[in-house]
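K.L.:
input_20.pdb (PDB, C-alpha atoms) pasted underneath:
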```pdb
MODEL        1
ATOM      1  CA  MET P   1      74.793  63.117 165.121  1.00  0.00           C
ATOM      2  CA  SER P   2      76.395  61.311 168.067  1.00  0.00           C
ATOM      3  CA  ASN P   3      79.220  63.860 168.465  1.00  0.00           C
ATOM      4  CA  GLN P   4      79.851  65.682 171.750  1.00  0.00           C
ATOM      5  CA  PHE P   5      78.630  68.843 170.030  1.00  0.00           C
ATOM      6  CA  PHE P   6      76.708  69.789 166.907  1.00  0.00           C
ATOM      7  CA  ARG P   7      77.622  73.006 165.145  1.00  0.00           C
ATOM      8  CA  PHE P   8      74.988  75.012 163.299  1.00  0.00           C
ATOM      9  CA  LYS P   9      75.491  78.156 161.217  1.00  0.00           C
ATOM     10  CA  GLU P  10      74.748  80.554 164.075  1.00  0.00           C
ATOM     11  CA  PHE P  11      75.100  78.483 167.255  1.00  0.00           C
ATOM     12  CA  THR P  12      76.575  75.288 168.691  1.00  0.00           C
ATOM     13  CA  VAL P  13      74.742  72.654 170.730  1.00  0.00           C
ATOM     14  CA  HIS P  14      76.962  70.762 173.179  1.00  0.00           C
ATOM     15  CA  GLN P  15      75.446  67.426 174.166  1.00  0.00           C
ATOM     16  CA  ASP P  16      78.081  65.605 176.219  1.00  0.00           C
ATOM     17  CA  LYS P  17      76.071  65.761 179.466  1.00  0.00           C
ATOM     18  CA  THR P  18      72.745  64.448 178.169  1.00  0.00           C
ATOM     19  CA  ALA P  19      71.505  61.034 177.066  1.00  0.00           C
ATOM     20  CA  MET P  20      69.355  62.521 174.314  1.00  0.00           C
ATOM     21  CA  LYS P  21      71.339  63.940 171.401  1.00  0.00           C
ATOM     22  CA  VAL P  22      70.554  66.340 168.582  1.00  0.00           C
ATOM     23  CA  CYS P  23      68.513  64.417 166.007  1.00  0.00           C
ATOM     24  CA  THR P  24      67.292  65.130 162.504  1.00  0.00           C
ATOM     25  CA  ASP P  25      63.576  65.091 163.287  1.00  0.00           C
ATOM     26  CA  ALA P  26      64.001  67.610 166.126  1.00  0.00           C
ATOM     27  CA  CYS P  27      65.982  69.910 163.806  1.00  0.00           C
ATOM     28  CA  LEU P  28      63.273  69.591 161.178  1.00  0.00           C
ATOM     29  CA  PHE P  29      60.612  70.359 163.784  1.00  0.00           C
ATOM     30  CA  GLY P  30      62.330  73.560 164.906  1.00  0.00           C
ATOM     31  CA  ALA P  31      62.734  74.777 161.337  1.00  0.00           C
ATOM     32  CA  TRP P  32      59.110  73.840 160.533  1.00  0.00           C
ATOM     33  CA  VAL P  33      57.846  75.867 163.496  1.00  0.00           C
ATOM     34  CA  VAL P  34      59.800  78.921 162.346  1.00  0.00           C
ATOM     35  CA  ASP P  35      58.371  78.479 158.834  1.00  0.00           C
ATOM     36  CA  ASN P  36      54.774  78.317 160.082  1.00  0.00           C
ATOM     37  CA  ILE P  37      54.764  81.055 162.722  1.00  0.00           C
ATOM     38  CA  ASP P  38      55.054  84.839 162.463  1.00  0.00           C
ATOM     39  CA  MET P  39      58.194  84.861 164.581  1.00  0.00           C
ATOM     40  CA  PRO P  40      58.818  88.656 164.771  1.00  0.00           C
ATOM     41  CA  SER P  41      55.375  89.172 166.348  1.00  0.00           C
ATOM     42  CA  LEU P  42      56.047  86.914 169.336  1.00  0.00           C
ATOM     43  CA  LYS P  43      56.724  88.273 172.807  1.00  0.00           C
ATOM     44  CA  ASN P  44      56.884  85.119 174.935  1.00  0.00           C
ATOM     45  CA  ILE P  45      57.801  81.554 173.931  1.00  0.00           C
ATOM     46  CA  LEU P  46      57.742  78.407 176.079  1.00  0.00           C
ATOM     47  CA  ASP P  47      59.839  75.320 175.282  1.00  0.00           C
ATOM     48  CA  ILE P  48      58.569  72.280 177.220  1.00  0.00           C
ATOM     49  CA  GLY P  49      61.294  69.693 177.796  1.00  0.00           C
ATOM     50  CA  THR P  50      64.114  71.683 176.254  1.00  0.00           C
ATOM     51  CA  GLY P  51      66.859  69.032 176.639  1.00  0.00           C
ATOM     52  CA  THR P  52      70.030  70.554 175.192  1.00  0.00           C
ATOM     53  CA  GLY P  53      68.140  73.748 174.321  1.00  0.00           C
ATOM     54  CA  LEU P  54      68.166  73.012 170.585  1.00  0.00           C
ATOM     55  CA  LEU P  55      64.624  74.173 169.785  1.00  0.00           C
ATOM     56  CA  SER P  56      64.921  77.334 171.877  1.00  0.00           C
ATOM     57  CA  LEU P  57      68.113  78.269 170.047  1.00  0.00           C
ATOM     58  CA  MET P  58      66.545  77.611 166.638  1.00  0.00           C
ATOM     59  CA  LEU P  59      63.625  79.891 167.503  1.00  0.00           C
ATOM     60  CA  ALA P  60      65.846  82.567 169.047  1.00  0.00           C
ATOM     61  CA  GLN P  61      67.613  82.854 165.693  1.00  0.00           C
ATOM     62  CA  TYR P  62      64.398  84.305 164.249  1.00  0.00           C
ATOM     63  CA  SER P  63      62.712  85.981 167.216  1.00  0.00           C
ATOM     64  CA  LYS P  64      63.377  88.678 169.770  1.00  0.00           C
ATOM     65  CA  ALA P  65      60.892  87.046 172.155  1.00  0.00           C
ATOM     66  CA  SER P  66      61.660  86.059 175.719  1.00  0.00           C
ATOM     67  CA  ILE P  67      62.065  82.259 175.710  1.00  0.00           C
ATOM     68  CA  ASP P  68      61.405  80.181 178.819  1.00  0.00           C
ATOM     69  CA  ALA P  69      62.758  76.626 178.606  1.00  0.00           C
ATOM     70  CA  VAL P  70      61.471  74.052 181.096  1.00  0.00           C
ATOM     71  CA  GLU P  71      63.494  70.913 181.820  1.00  0.00           C
ATOM     72  CA  ILE P  72      63.215  68.288 184.586  1.00  0.00           C
ATOM     73  CA  ASN P  73      66.536  66.485 184.053  1.00  0.00           C
ATOM     74  CA  PRO P  74      69.361  68.131 186.092  1.00  0.00           C
ATOM     75  CA  LEU P  75      72.085  67.237 183.581  1.00  0.00           C
ATOM     76  CA  ALA P  76      70.033  68.570 180.688  1.00  0.00           C
ATOM     77  CA  VAL P  77      69.363  71.767 182.657  1.00  0.00           C
ATOM     78  CA  GLU P  78      73.109  72.240 183.060  1.00  0.00           C
ATOM     79  CA  GLN P  79      73.676  71.519 179.366  1.00  0.00           C
ATOM     80  CA  ALA P  80      70.961  73.899 178.149  1.00  0.00           C
ATOM     81  CA  ARG P  81      72.149  76.707 180.400  1.00  0.00           C
ATOM     82  CA  SER P  82      75.672  76.325 179.076  1.00  0.00           C
ATOM     83  CA  ASN P  83      74.479  76.272 175.449  1.00  0.00           C
ATOM     84  CA  PHE P  84      72.344  79.351 176.029  1.00  0.00           C
ATOM     85  CA  LYS P  85      75.202  81.215 177.706  1.00  0.00           C
ATOM     86  CA  GLU P  86      77.499  80.539 174.763  1.00  0.00           C
ATOM     87  CA  SER P  87      74.943  81.745 172.216  1.00  0.00           C
ATOM     88  CA  LYS P  88      74.385  85.288 170.972  1.00  0.00           C
ATOM     89  CA  TRP P  89      70.839  85.205 172.453  1.00  0.00           C
ATOM     90  CA  GLU P  90      71.752  84.614 176.107  1.00  0.00           C
ATOM     91  CA  ASP P  91      69.636  87.572 177.286  1.00  0.00           C
ATOM     92  CA  GLN P  92      66.492  86.088 175.690  1.00  0.00           C
ATOM     93  CA  LEU P  93      66.836  82.577 177.094  1.00  0.00           C
ATOM     94  CA  GLN P  94      66.070  81.226 180.552  1.00  0.00           C
ATOM     95  CA  VAL P  95      66.030  77.616 181.813  1.00  0.00           C
ATOM     96  CA  HIS P  96      63.639  76.538 184.569  1.00  0.00           C
ATOM     97  CA  ALA P  97      64.746  73.407 186.431  1.00  0.00           C
ATOM     98  CA  THR P  98      61.326  71.892 187.093  1.00  0.00           C
ATOM     99  CA  SER P  99      58.579  69.776 185.569  1.00  0.00           C
ATOM    100  CA  ILE P 100      56.071  71.469 183.302  1.00  0.00           C
ATOM    101  CA  ILE P 101      53.301  70.486 185.739  1.00  0.00           C
ATOM    102  CA  GLU P 102      55.030  72.259 188.640  1.00  0.00           C
ATOM    103  CA  TYR P 103      55.882  75.187 186.377  1.00  0.00           C
ATOM    104  CA  ALA P 104      52.246  75.581 185.307  1.00  0.00           C
ATOM    105  CA  GLN P 105      51.038  75.411 188.893  1.00  0.00           C
ATOM    106  CA  SER P 106      53.365  78.185 190.065  1.00  0.00           C
ATOM    107  CA  ASN P 107      53.339  80.433 187.003  1.00  0.00           C
ATOM    108  CA  GLU P 108      50.738  82.948 185.785  1.00  0.00           C
ATOM    109  CA  LYS P 109      52.600  83.957 182.645  1.00  0.00           C
ATOM    110  CA  GLN P 110      51.079  83.037 179.289  1.00  0.00           C
ATOM    111  CA  PHE P 111      52.813  82.469 175.984  1.00  0.00           C
ATOM    112  CA  ASP P 112      52.226  83.384 172.330  1.00  0.00           C
ATOM    113  CA  LEU P 113      53.961  80.176 171.248  1.00  0.00           C
ATOM    114  CA  ILE P 114      54.503  76.893 173.066  1.00  0.00           C
ATOM    115  CA  ILE P 115      56.697  74.178 171.562  1.00  0.00           C
ATOM    116  CA  SER P 116      57.378  70.654 172.752  1.00  0.00           C
ATOM    117  CA  ASN P 117      59.230  67.558 171.635  1.00  0.00           C
ATOM    118  CA  PRO P 118      57.757  65.464 174.470  1.00  0.00           C
ATOM    119  CA  PRO P 119      58.392  61.964 175.840  1.00  0.00           C
ATOM    120  CA  PHE P 120      57.524  59.492 173.100  1.00  0.00           C
ATOM    121  CA  PHE P 121      57.099  55.944 174.245  1.00  0.00           C
ATOM    122  CA  GLU P 122      54.390  55.599 176.851  1.00  0.00           C
ATOM    123  CA  GLN P 123      53.873  51.973 177.973  1.00  0.00           C
ATOM    124  CA  GLN P 124      56.679  50.610 175.782  1.00  0.00           C
ATOM    125  CA  LEU P 125      59.810  48.690 176.760  1.00  0.00           C
ATOM    126  CA  LYS P 126      62.358  50.857 178.545  1.00  0.00           C
ATOM    127  CA  SER P 127      66.143  50.887 178.323  1.00  0.00           C
ATOM    128  CA  LYS P 128      68.565  50.518 181.231  1.00  0.00           C
ATOM    129  CA  ASP P 129      69.613  54.162 180.883  1.00  0.00           C
ATOM    130  CA  SER P 130      67.470  56.058 183.407  1.00  0.00           C
ATOM    131  CA  GLN P 131      68.295  59.486 181.934  1.00  0.00           C
ATOM    132  CA  ARG P 132      67.274  58.351 178.461  1.00  0.00           C
ATOM    133  CA  ASN P 133      64.096  56.841 179.898  1.00  0.00           C
ATOM    134  CA  ILE P 134      63.043  60.193 181.341  1.00  0.00           C
ATOM    135  CA  ALA P 135      63.625  61.854 177.980  1.00  0.00           C
ATOM    136  CA  MET P 136      62.004  59.172 175.805  1.00  0.00           C
ATOM    137  CA  HIS P 137      59.230  57.762 177.976  1.00  0.00           C
ATOM    138  CA  SER P 138      56.208  59.483 179.457  1.00  0.00           C
ATOM    139  CA  ALA P 139      56.377  57.994 182.940  1.00  0.00           C
ATOM    140  CA  LYS P 140      57.035  61.556 184.110  1.00  0.00           C
ATOM    141  CA  LEU P 141      54.537  63.258 181.772  1.00  0.00           C
ATOM    142  CA  THR P 142      51.515  61.907 179.915  1.00  0.00           C
ATOM    143  CA  LEU P 143      50.077  63.468 176.771  1.00  0.00           C
ATOM    144  CA  THR P 144      46.966  64.423 178.721  1.00  0.00           C
ATOM    145  CA  GLU P 145      49.017  66.276 181.322  1.00  0.00           C
ATOM    146  CA  LEU P 146      51.005  67.974 178.579  1.00  0.00           C
ATOM    147  CA  ALA P 147      47.838  69.109 176.787  1.00  0.00           C
ATOM    148  CA  ARG P 148      46.380  70.547 180.000  1.00  0.00           C
ATOM    149  CA  CYS P 149      49.556  72.497 180.709  1.00  0.00           C
ATOM    150  CA  ILE P 150      49.610  73.872 177.163  1.00  0.00           C
ATOM    151  CA  LEU P 151      45.966  74.964 177.420  1.00  0.00           C
ATOM    152  CA  GLN P 152      46.640  76.771 180.689  1.00  0.00           C
ATOM    153  CA  LEU P 153      49.807  78.528 179.546  1.00  0.00           C
ATOM    154  CA  LEU P 154      48.799  79.476 175.974  1.00  0.00           C
ATOM    155  CA  THR P 155      47.298  82.892 175.227  1.00  0.00           C
ATOM    156  CA  ASP P 156      43.854  82.898 173.611  1.00  0.00           C
ATOM    157  CA  SER P 157      45.373  83.844 170.249  1.00  0.00           C
ATOM    158  CA  GLY P 158      48.553  81.793 170.665  1.00  0.00           C
ATOM    159  CA  ARG P 159      49.793  78.701 168.851  1.00  0.00           C
ATOM    160  CA  ALA P 160      51.282  75.469 170.140  1.00  0.00           C
ATOM    161  CA  ALA P 161      53.505  73.080 168.195  1.00  0.00           C
ATOM    162  CA  ILE P 162      54.246  69.480 169.110  1.00  0.00           C
ATOM    163  CA  LEU P 163      56.370  66.712 167.587  1.00  0.00           C
ATOM    164  CA  LEU P 164      55.047  63.160 168.032  1.00  0.00           C
ATOM    165  CA  PRO P 165      55.408  59.662 166.647  1.00  0.00           C
ATOM    166  CA  TRP P 166      53.048  59.313 163.712  1.00  0.00           C
ATOM    167  CA  ASN P 167      51.158  56.461 165.372  1.00  0.00           C
ATOM    168  CA  ARG P 168      50.110  58.718 168.259  1.00  0.00           C
ATOM    169  CA  LEU P 169      48.432  61.357 166.101  1.00  0.00           C
ATOM    170  CA  GLU P 170      44.855  60.149 166.598  1.00  0.00           C
ATOM    171  CA  GLU P 171      45.418  59.760 170.335  1.00  0.00           C
ATOM    172  CA  TRP P 172      46.755  63.307 170.601  1.00  0.00           C
ATOM    173  CA  ARG P 173      43.908  64.737 168.500  1.00  0.00           C
ATOM    174  CA  GLY P 174      41.345  63.190 170.816  1.00  0.00           C
ATOM    175  CA  ILE P 175      43.078  64.366 173.983  1.00  0.00           C
ATOM    176  CA  ALA P 176      43.648  67.885 172.680  1.00  0.00           C
ATOM    177  CA  GLU P 177      40.167  68.501 171.298  1.00  0.00           C
ATOM    178  CA  LYS P 178      38.539  67.161 174.462  1.00  0.00           C
ATOM    179  CA  ILE P 179      40.177  69.889 176.548  1.00  0.00           C
ATOM    180  CA  GLY P 180      39.911  72.689 173.958  1.00  0.00           C
ATOM    181  CA  LEU P 181      43.004  72.578 171.752  1.00  0.00           C
ATOM    182  CA  PHE P 182      42.387  72.231 168.010  1.00  0.00           C
ATOM    183  CA  VAL P 183      44.734  71.064 165.281  1.00  0.00           C
ATOM    184  CA  ILE P 184      45.188  73.581 162.473  1.00  0.00           C
ATOM    185  CA  LYS P 185      48.075  71.919 160.650  1.00  0.00           C
ATOM    186  CA  GLU P 186      49.589  68.437 160.430  1.00  0.00           C
ATOM    187  CA  THR P 187      52.788  67.611 158.573  1.00  0.00           C
ATOM    188  CA  LEU P 188      53.599  63.917 158.288  1.00  0.00           C
ATOM    189  CA  VAL P 189      57.294  63.025 158.104  1.00  0.00           C
ATOM    190  CA  LYS P 190      59.067  60.153 156.293  1.00  0.00           C
ATOM    191  CA  GLN P 191      62.764  59.307 156.428  1.00  0.00           C
ATOM    192  CA  SER P 192      62.688  58.564 152.683  1.00  0.00           C
ATOM    193  CA  THR P 193      60.266  57.839 149.873  1.00  0.00           C
ATOM    194  CA  THR P 194      60.484  54.106 150.672  1.00  0.00           C
ATOM    195  CA  HIS P 195      59.867  54.453 154.418  1.00  0.00           C
ATOM    196  CA  ASP P 196      56.561  54.682 156.250  1.00  0.00           C
ATOM    197  CA  TYR P 197      55.629  57.837 158.162  1.00  0.00           C
ATOM    198  CA  PHE P 198      57.399  57.975 161.523  1.00  0.00           C
ATOM    199  CA  ARG P 199      56.787  61.494 162.906  1.00  0.00           C
ATOM    200  CA  VAL P 200      54.071  64.121 162.756  1.00  0.00           C
ATOM    201  CA  MET P 201      54.480  67.844 163.418  1.00  0.00           C
ATOM    202  CA  ILE P 202      51.301  69.426 164.732  1.00  0.00           C
ATOM    203  CA  LEU P 203      50.195  73.048 165.086  1.00  0.00           C
ATOM    204  CA  LEU P 204      47.336  73.866 167.467  1.00  0.00           C
ATOM    205  CA  GLN P 205      45.263  76.754 168.757  1.00  0.00           C
ATOM    206  CA  LYS P 206      42.356  77.296 171.159  1.00  0.00           C
ATOM    207  CA  LYS P 207      39.817  78.093 168.454  1.00  0.00           C
ATOM    208  CA  ALA P 208      38.355  75.340 166.254  1.00  0.00           C
ATOM    209  CA  SER P 209      39.371  75.629 162.605  1.00  0.00           C
ATOM    210  CA  THR P 210      39.903  73.622 159.450  1.00  0.00           C
ATOM    211  CA  THR P 211      43.062  71.506 159.384  1.00  0.00           C
ATOM    212  CA  SER P 212      45.636  71.680 156.605  1.00  0.00           C
ATOM    213  CA  ASN P 213      47.691  68.581 155.855  1.00  0.00           C
ATOM    214  CA  ASP P 214      50.945  67.968 154.052  1.00  0.00           C
ATOM    215  CA  THR P 215      53.980  65.666 154.097  1.00  0.00           C
ATOM    216  CA  ILE P 216      57.734  65.996 154.015  1.00  0.00           C
ATOM    217  CA  VAL P 217      60.380  63.446 153.085  1.00  0.00           C
ATOM    218  CA  ILE P 218      63.787  63.973 154.707  1.00  0.00           C
ATOM    219  CA  LYS P 219      65.837  62.211 152.024  1.00  0.00           C
ATOM    220  CA  ASP P 220      65.180  61.327 148.403  1.00  0.00           C
ATOM    221  CA  GLY P 221      67.433  59.707 145.809  1.00  0.00           C
ATOM    222  CA  ASN P 222      69.732  62.743 145.727  1.00  0.00           C
ATOM    223  CA  GLY P 223      70.290  63.123 149.476  1.00  0.00           C
ATOM    224  CA  TYR P 224      68.289  65.629 151.474  1.00  0.00           C
ATOM    225  CA  SER P 225      65.011  66.490 149.724  1.00  0.00           C
ATOM    226  CA  LYS P 226      64.364  69.993 148.378  1.00  0.00           C
ATOM    227  CA  GLU P 227      61.704  70.626 151.034  1.00  0.00           C
ATOM    228  CA  PHE P 228      63.986  69.537 153.866  1.00  0.00           C
ATOM    229  CA  SER P 229      66.955  71.480 152.481  1.00  0.00           C
ATOM    230  CA  LYS P 230      64.891  74.658 152.171  1.00  0.00           C
ATOM    231  CA  LEU P 231      63.765  74.462 155.806  1.00  0.00           C
ATOM    232  CA  LEU P 232      67.173  73.575 157.237  1.00  0.00           C
ATOM    233  CA  ALA P 233      69.365  75.783 155.034  1.00  0.00           C
ATOM    234  CA  PRO P 234      69.414  78.604 157.640  1.00  0.00           C
ATOM    235  CA  TYR P 235      70.807  76.146 160.207  1.00  0.00           C
ATOM    236  CA  TYR P 236      72.839  73.289 158.715  1.00  0.00           C
ATOM    237  CA  LEU P 237      76.424  74.056 157.761  1.00  0.00           C
ATOM    238  CA  ALA P 238      76.231  71.546 154.886  1.00  0.00           C
ATOM    239  CA  LEU P 239      73.273  73.262 153.217  1.00  0.00           C
TER
ENDMDL
END
```
Taking this structure as input, can you express it in the form of structure tokens?

P.N.:
Amino acid sequence: MSNQFFRFKEFTVHQDKTAMKVCTDACLFGAWVVDNIDMPSLKNILDIGTGTGLLSLMLAQYSKASIDAVEINPLAVEQARSNFKESKWEDQLQVHATSIIEYAQSNEKQFDLIISNPPFFEQQLKSKDSQRNIAMHSAKLTLTELARCILQLLTDSGRAAILLPWNRLEEWRGIAEKIGLFVIKETLVKQSTTHDYFRVMILLQKKASTTSNDTIVIKDGNGYSKEFSKLLAPYYLAL
């Protein structure tokens, strides 16, 4: 997926201006959100750290909601705006060139659904690519700050979805529950049946509830697994 663009069935994501490219786990996350949310009922969606705009476009394919996409990286802002303009959902999509903290401080709007594929590698070794560092590391945004922004911007009956490394699940649970966000679903993700878990997709709300748990394997011995293929069939040209 290192091409200058990635073509889906109903839209194209150009990625020549950004350090972070379209990746399989982000595609899976977007499709998983659509599968777990009543998309037609949504009025307002927030995408925190939109990057190329991939997740916003995946959700726009199934919703008539107004989608606000927040992005701090100037090159990614330019890329997302261009991708949105070229899509059939341009009127639904808006990019805000700011941090989510600044956006939350200046915005009174609340959202039925908030999604985020946030910075991953807090306190880990950084690369020499400063743009990639902003996207992959949480020097600009901690999980605690992210959780507080989600709590503020989410409606009382809304849902939030977040994609994280599997080894940060317990940390996120503790942070979220401490401020009043409760996990209602966790889906653990493996690259294959022989790999360890490497991602977790989490659904949250403001009201405490029981948590459902399941797993998904991206590839099995026959290529993409049945579960993965079912979720991504509306998007991937090869499925």

K.L.:
Please identify all polymer residues within 6 Å of Val13 of chain P, counting only C-alpha atoms, omitting same-chain residues fewer than 3 positions from it, and present them as a tab-separated table (two decimals) with C-alpha atoms, in the coordinates of the input.

P.N.:
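The result, stored in result-v1.tsv:
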```
chain	number	residue	atom	x	y	z
P	5	PHE	CA	78.63	68.84	170.03
P	6	PHE	CA	76.71	69.79	166.91
P	83	ASN	CA	74.48	76.27	175.45
```

K.L.:
Check the smallest atom-to-atom distance from each of P:Ala147, P:Ile184, P:Leu42, P:Met201 to Leu169 of chain P using all atoms listed in the file, then report the winner.

P.N.:
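The shortest atom-to-atom distance to Leu169 of chain P comes from P:Met201.
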
K.L.:
Given the file shown, enumerate the residues that the PyMOL selection byres ((chain P and resi 66-79) around 7) captures and present them as an NGL selection string.

P.N.:
:P and (15 or 17-18 or 43-52 or 56 or 64-65 or 80-83 or 92-100)

K.L.:
What would the list of residues within 9 Å of (58.9, 61.4, 154.8) (file frame) look like as a CSV table (one decimal) with C-alpha atoms, in the coordinates of the input, if only C-alpha atoms are what count?

P.N.:
```
chain,number,residue,atom,x,y,z
P,188,LEU,CA,53.6,63.9,158.3
P,189,VAL,CA,57.3,63.0,158.1
P,190,LYS,CA,59.1,60.2,156.3
P,191,GLN,CA,62.8,59.3,156.4
P,192,SER,CA,62.7,58.6,152.7
P,193,THR,CA,60.3,57.8,149.9
P,194,THR,CA,60.5,54.1,150.7
P,195,HIS,CA,59.9,54.5,154.4
P,196,ASP,CA,56.6,54.7,156.2
P,197,TYR,CA,55.6,57.8,158.2
P,198,PHE,CA,57.4,58.0,161.5
P,199,ARG,CA,56.8,61.5,162.9
P,215,THR,CA,54.0,65.7,154.1
P,216,ILE,CA,57.7,66.0,154.0
P,217,VAL,CA,60.4,63.4,153.1
P,218,ILE,CA,63.8,64.0,154.7
P,219,LYS,CA,65.8,62.2,152.0
P,220,ASP,CA,65.2,61.3,148.4
```

K.L.:
How would you write, as a list in words, the residues chosen by the PyMOL selection byres ((chain P and resi 39) around 8) on this structure?

P.N.:
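Written out, the selection comes to Val34, Ile37, Asp38, Pro40, Ser41, Leu42, Leu59, Tyr62 and Ser63 of chain P.
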
K.L.:
Quote the spacing between atom CA of Glu170 of chain P and atom CA of Leu55 of chain P in Å to one decimal place.

P.N.:
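Value for the atom CA of Glu170 of chain P-atom CA of Leu55 of chain P distance: 24.4 Å.
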
K.L.:
Pick out the residues sitting within 8 Å of Trp89 of chain P, and hand them over as JSON, numbers by chain; count all atoms listed in the file, and ignore anything fewer than 5 positions along from it in its own chain.

P.N.:
{"P": [57, 60, 61, 84]}

K.L.:
If we draw a sphere of 8 Å around (54.0, 68.9, 170.0), which residues have at least one atom in it when counting only C-alpha atoms? Please report them as a PDB file with C-alpha atoms, in the coordinates of the input.

P.N.:
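Resulting contents of point-v7.pdb:
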```pdb
ATOM      1  CA  ILE P 115      56.697  74.178 171.562  1.00  0.00           C
ATOM      2  CA  SER P 116      57.378  70.654 172.752  1.00  0.00           C
ATOM      3  CA  ASN P 117      59.230  67.558 171.635  1.00  0.00           C
ATOM      4  CA  PRO P 118      57.757  65.464 174.470  1.00  0.00           C
ATOM      5  CA  ALA P 160      51.282  75.469 170.140  1.00  0.00           C
ATOM      6  CA  ALA P 161      53.505  73.080 168.195  1.00  0.00           C
ATOM      7  CA  ILE P 162      54.246  69.480 169.110  1.00  0.00           C
ATOM      8  CA  LEU P 163      56.370  66.712 167.587  1.00  0.00           C
ATOM      9  CA  LEU P 164      55.047  63.160 168.032  1.00  0.00           C
ATOM     10  CA  MET P 201      54.480  67.844 163.418  1.00  0.00           C
ATOM     11  CA  ILE P 202      51.301  69.426 164.732  1.00  0.00           C
ATOM     12  CA  LEU P 203      50.195  73.048 165.086  1.00  0.00           C
TER      13      LEU P 203
END
```

K.L.:
Name the residues that the PyMOL selection byres ((chain P and resi 159) around 8) picks from the file above, as a list in words, using the file's chain letters and numbers.

P.N.:
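Evaluating the PyMOL selection byres ((chain P and resi 159) around 8) on this file yields Asp112, Leu113, Ile114, Leu154, Ser157, Gly158, Ala160, Ala161, Leu203, Leu204, Gln205 and Lys206 of chain P.
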
K.L.:
Mind filling out segment 18-35 of chain P with N, CA and C atoms and sending it as a compact mmCIF listing (two decimals), keeping the file's coordinate frame?

P.N.:
```txt
# COMPACT_ATOMS: atom_id res chain seq x y z
N THR P 18 74.11 64.96 178.25
CA THR P 18 72.74 64.45 178.17
C THR P 18 72.67 63.14 177.40
N ALA P 19 71.70 62.31 177.76
CA ALA P 19 71.50 61.03 177.07
C ALA P 19 70.86 61.24 175.70
N MET P 20 70.04 62.25 175.57
CA MET P 20 69.36 62.52 174.31
C MET P 20 70.16 63.52 173.49
N LYS P 21 70.48 63.14 172.26
CA LYS P 21 71.34 63.94 171.40
C LYS P 21 70.51 64.71 170.35
N VAL P 22 71.16 65.64 169.71
CA VAL P 22 70.55 66.34 168.58
C VAL P 22 70.18 65.31 167.52
N CYS P 23 68.96 65.38 167.02
CA CYS P 23 68.51 64.42 166.01
C CYS P 23 67.83 65.15 164.85
N THR P 24 67.78 64.50 163.72
CA THR P 24 67.29 65.13 162.50
C THR P 24 65.85 65.57 162.62
N ASP P 25 64.99 64.73 163.22
CA ASP P 25 63.58 65.09 163.29
C ASP P 25 63.34 66.29 164.20
N ALA P 26 64.13 66.44 165.27
CA ALA P 26 64.00 67.61 166.13
C ALA P 26 64.45 68.87 165.39
N CYS P 27 65.53 68.77 164.61
CA CYS P 27 65.98 69.91 163.81
C CYS P 27 64.91 70.31 162.79
N LEU P 28 64.34 69.33 162.14
CA LEU P 28 63.27 69.59 161.18
C LEU P 28 62.10 70.27 161.86
N PHE P 29 61.73 69.80 163.04
CA PHE P 29 60.61 70.36 163.78
C PHE P 29 60.85 71.83 164.10
N GLY P 30 62.03 72.17 164.60
CA GLY P 30 62.33 73.56 164.91
C GLY P 30 62.23 74.45 163.69
N ALA P 31 62.79 74.00 162.58
CA ALA P 31 62.73 74.78 161.34
C ALA P 31 61.30 74.90 160.82
N TRP P 32 60.52 73.84 160.95
CA TRP P 32 59.11 73.84 160.53
C TRP P 32 58.30 74.84 161.35
N VAL P 33 58.54 74.90 162.65
CA VAL P 33 57.85 75.87 163.50
C VAL P 33 58.15 77.29 163.03
N VAL P 34 59.42 77.59 162.82
CA VAL P 34 59.80 78.92 162.35
C VAL P 34 59.10 79.26 161.03
N ASP P 35 58.97 78.27 160.14
CA ASP P 35 58.37 78.48 158.83
C ASP P 35 56.87 78.69 158.90
```
